Each structure stands twice: as structure tokens, then as C-alpha cells.
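A short worksheet on the structure shown next.
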Amino acid sequence: MTTGKGIKIVADGVVAGWASSQHRLGEQAGLAVDNGIVVDELLRTSNPDIYAAGDVANFYSALLEKRMRVEHEDNAKVMGEIAGRNMAGQSDKYRHQPYFYSDLFDLGYEAVGELDVSLDIVEDWKEQFRKGVIYYLRDGRVRGVLLWNTWGQVDAATQLMRKNHALPRNAAGADN
């Protein structure tokens, strides 16, 4: 390859990274783009020699049964590691369901899945608007969980979503 300034670059492979919500580089490279660069379960793009990971990648969430793009550290770290292993010859499938988190002074949250106000919402407050769990349901099934000042429960929330059972009536204050 020769750069625009005439510098010749010889390599066995190239790894490029960027953060952009515009995805122009993917489009210019001729990759499939739909709210991000579309990747398969191995994080390959429409060109099997090119991988995408992190904020720019549109992946299929088996748990939520839909394609999505997640702009957060958890997704970037896990997806980047798997993409790197796959570029090095592995065939690891991306099955992680990423989560979000944020803190503001003494308040904070962790959230996993779909948090969409169009879904049915069930609140379970231990301390009104300060500590509790909010469940997002479609057809009675948990699709997302917001853990408000309730730490260390992302795995349990993800498992609840994975089981695909209806939310128990005694959970989340459903009897209140």
C-alpha cells in the first residue's frame, strides 16, 4: 500500500480503530452499514477479512432477538477482545449482552437489555426513587432491567432475561 504522500507500507495485516457515529469509513470500504457496521457472530463485517467491534459495530443480540449497536465501555471491551482473538485465528462467537452504567454523585445505575418506555414497566422500589429495580417487559417477559443504586446484580438481571419466563407476581412489587 502507498499513502497519499508516497510512503510505501508493507504489512501482513492491518488493524484500524476509530470511534464515529457516522460510519463513513465503513461505507467507503464498501461494508454493509445499518446503524453501524453490520457484523456476524464472529464480528466479521460483510468483508470476511475485516472485523468491527465496539461503538461502531451493529451486532445480533440472541438474548433480545434483534440487531443493535451499543455505545458503552462494557461492549467495547468485551467485543474488542473477542474480535482480536478471532483476527488471530480463533472462532469465538460474540454472545455477550452488554450493559450500561453511570454515576451522578450518590446516585447511579446499571442497566441491561431494552429500556424502552413503550414497554410495560414494573417498579420495585426499596427506597422511592433512590434504590430499586425497574423491569421492562414485553408480553409479560423481562426484556430489560434498570438497577437503580442496586449494585452487582447485572448477571442476575441478564439471567432473568435469558430464562424468558414471565416476571413472578411477588417480584418487583407486582402485588403492591
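So you can find residues: chains in the C-alpha cells are A, B, ... in the order shown, residues in each start at 1, and ligands are numbered from 1 in order.
DSSP secondary structure from the backbone places Arg24, Leu25, Gly26, Glu27, Gln28, Glu73, Asp74, Asn75, Ala76, Lys77, Val78, Met79, Gly80, Glu81, Ile82, Ala83, Gly84, Arg85, Asn86 and Met87 of chain A of segment 13-141 of chain A in alpha helix (DSSP H).
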How would the residues just picked look written out with C-alpha atoms as a PDB file, in the first residue's frame?
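Done, and the output landed in part_20.pdb:
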```pdb
ATOM      1  CA  ARG A  24     -18.336   6.785   6.752  1.00  0.00           C
ATOM      2  CA  LEU A  25     -15.132   4.760   6.752  1.00  0.00           C
ATOM      3  CA  GLY A  26     -17.166   1.537   6.700  1.00  0.00           C
ATOM      4  CA  GLU A  27     -19.309   2.833   3.863  1.00  0.00           C
ATOM      5  CA  GLN A  28     -16.239   3.974   1.925  1.00  0.00           C
ATOM      6  CA  GLU A  73     -17.317   0.698  27.643  1.00  0.00           C
ATOM      7  CA  ASP A  74     -18.520  -2.808  28.558  1.00  0.00           C
ATOM      8  CA  ASN A  75     -19.451  -3.604  24.967  1.00  0.00           C
ATOM      9  CA  ALA A  76     -16.234  -2.132  23.564  1.00  0.00           C
ATOM     10  CA  LYS A  77     -14.005  -4.090  25.954  1.00  0.00           C
ATOM     11  CA  VAL A  78     -15.656  -7.488  25.535  1.00  0.00           C
ATOM     12  CA  MET A  79     -16.303  -7.150  21.820  1.00  0.00           C
ATOM     13  CA  GLY A  80     -12.801  -5.823  21.140  1.00  0.00           C
ATOM     14  CA  GLU A  81     -11.208  -8.754  22.944  1.00  0.00           C
ATOM     15  CA  ILE A  82     -13.282 -11.294  21.014  1.00  0.00           C
ATOM     16  CA  ALA A  83     -12.649  -9.560  17.674  1.00  0.00           C
ATOM     17  CA  GLY A  84      -8.920  -9.569  18.435  1.00  0.00           C
ATOM     18  CA  ARG A  85      -8.918 -13.282  19.212  1.00  0.00           C
ATOM     19  CA  ASN A  86     -10.866 -14.004  16.039  1.00  0.00           C
ATOM     20  CA  MET A  87      -8.479 -11.924  13.919  1.00  0.00           C
TER      21      MET A  87
END
```
Original post:
Pick from A:Ile7, A:Ala88, A:Leu63, A:Val70: nearest to Arg143 of chain A, with only C-alpha atoms counted?
Top reply: A:Leu63
**OP:** For segment 31-39 of chain A, work out the shell of residues within 10 Å, counting only C-alpha atoms and skipping chain neighbours fewer than 2 positions away, then give it as a PyMOL selection string.
**Re:** chain A and resi 20-29+41-48+50-60+67-70
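Residue nearest Lys131 of chain A, chosen from A:Pro98, A:Gly30, A:Gly108, A:Gly89 and counting only C-alpha atoms: A:Gly108.
The coordinates place atom CA of His96 of chain A at 19.3 Å from atom CA of Tyr109 of chain A.
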Original post:
Which neighbours of segment 116-125 of chain A fall inside 7 Å, counting only C-alpha atoms, when residues of the same chain fewer than 6 positions from it are skipped, and could you give them as a ChimeraX atom specification?
Top reply: /A:131-138,172-173
Export N, CA and C atoms of the chosen residues as a PDB file, in the first residue's frame?
```pdb
ATOM      1  N   LYS A 131     -33.424   3.777  45.485  1.00  0.00           N
ATOM      2  CA  LYS A 131     -32.856   2.433  45.403  1.00  0.00           C
ATOM      3  C   LYS A 131     -33.956   1.458  45.005  1.00  0.00           C
ATOM      4  N   GLY A 132     -33.700   0.738  43.922  1.00  0.00           N
ATOM      5  CA  GLY A 132     -34.692  -0.230  43.482  1.00  0.00           C
ATOM      6  C   GLY A 132     -34.375  -0.803  42.116  1.00  0.00           C
ATOM      7  N   VAL A 133     -35.323  -1.569  41.605  1.00  0.00           N
ATOM      8  CA  VAL A 133     -35.173  -2.233  40.311  1.00  0.00           C
ATOM      9  C   VAL A 133     -36.397  -1.904  39.465  1.00  0.00           C
ATOM     10  N   ILE A 134     -36.153  -1.590  38.222  1.00  0.00           N
ATOM     11  CA  ILE A 134     -37.235  -1.331  37.278  1.00  0.00           C
ATOM     12  C   ILE A 134     -37.108  -2.341  36.155  1.00  0.00           C
ATOM     13  N   TYR A 135     -38.209  -3.052  35.908  1.00  0.00           N
ATOM     14  CA  TYR A 135     -38.242  -4.093  34.881  1.00  0.00           C
ATOM     15  C   TYR A 135     -38.998  -3.571  33.664  1.00  0.00           C
ATOM     16  N   TYR A 136     -38.499  -3.885  32.484  1.00  0.00           N
ATOM     17  CA  TYR A 136     -39.137  -3.526  31.219  1.00  0.00           C
ATOM     18  C   TYR A 136     -39.599  -4.827  30.570  1.00  0.00           C
ATOM     19  N   LEU A 137     -40.902  -4.938  30.341  1.00  0.00           N
ATOM     20  CA  LEU A 137     -41.482  -6.191  29.867  1.00  0.00           C
ATOM     21  C   LEU A 137     -42.209  -6.029  28.527  1.00  0.00           C
ATOM     22  N   ARG A 138     -42.145  -7.079  27.734  1.00  0.00           N
ATOM     23  CA  ARG A 138     -42.955  -7.203  26.521  1.00  0.00           C
ATOM     24  C   ARG A 138     -43.673  -8.542  26.626  1.00  0.00           C
ATOM     25  N   ALA A 172     -40.739  -7.634  42.057  1.00  0.00           N
ATOM     26  CA  ALA A 172     -40.917  -6.264  41.592  1.00  0.00           C
ATOM     27  C   ALA A 172     -42.188  -5.613  42.111  1.00  0.00           C
ATOM     28  N   GLY A 173     -42.621  -6.000  43.286  1.00  0.00           N
ATOM     29  CA  GLY A 173     -43.770  -5.323  43.866  1.00  0.00           C
ATOM     30  C   GLY A 173     -45.058  -5.499  43.081  1.00  0.00           C
TER      31      GLY A 173
END
```
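Running DSSP on the backbone and keeping only strand (DSSP E or B), the residues of segment 62-99 of chain A that qualify are Lys66, Arg67, Met68 and Tyr99 of chain A.
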Residues from last step as file, N, CA and C atoms, as a compact mmCIF listing (two decimals), in the first residue's frame:
```txt
# COMPACT_ATOMS: atom_id res chain seq x y z
N LYS A 66 -32.64 -9.39 18.28
CA LYS A 66 -32.62 -8.25 17.37
C LYS A 66 -31.20 -7.73 17.21
N ARG A 67 -30.99 -6.98 16.15
CA ARG A 67 -29.70 -6.34 15.92
C ARG A 67 -29.65 -5.05 16.73
N MET A 68 -28.46 -4.70 17.18
CA MET A 68 -28.30 -3.48 17.96
C MET A 68 -26.86 -2.98 17.90
N TYR A 99 -23.99 -4.12 29.06
CA TYR A 99 -24.76 -3.32 29.99
C TYR A 99 -24.19 -1.91 30.04
```
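Atom pair atom CA of Met161 of chain A / atom CA of Leu104 of chain A: separated by 26.6 Å.
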Original post:
Could you state the separation of atom CA of Gly144 of chain A and atom CA of His72 of chain A in Å, given to one decimal place?
Top reply: 16.2 Å
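The shortest atom-to-atom distance to Gln97 of chain A, with only C-alpha atoms taken into account, belongs to A:Thr158 out of A:Glu71, A:Glu110, A:Leu146, A:Thr158.
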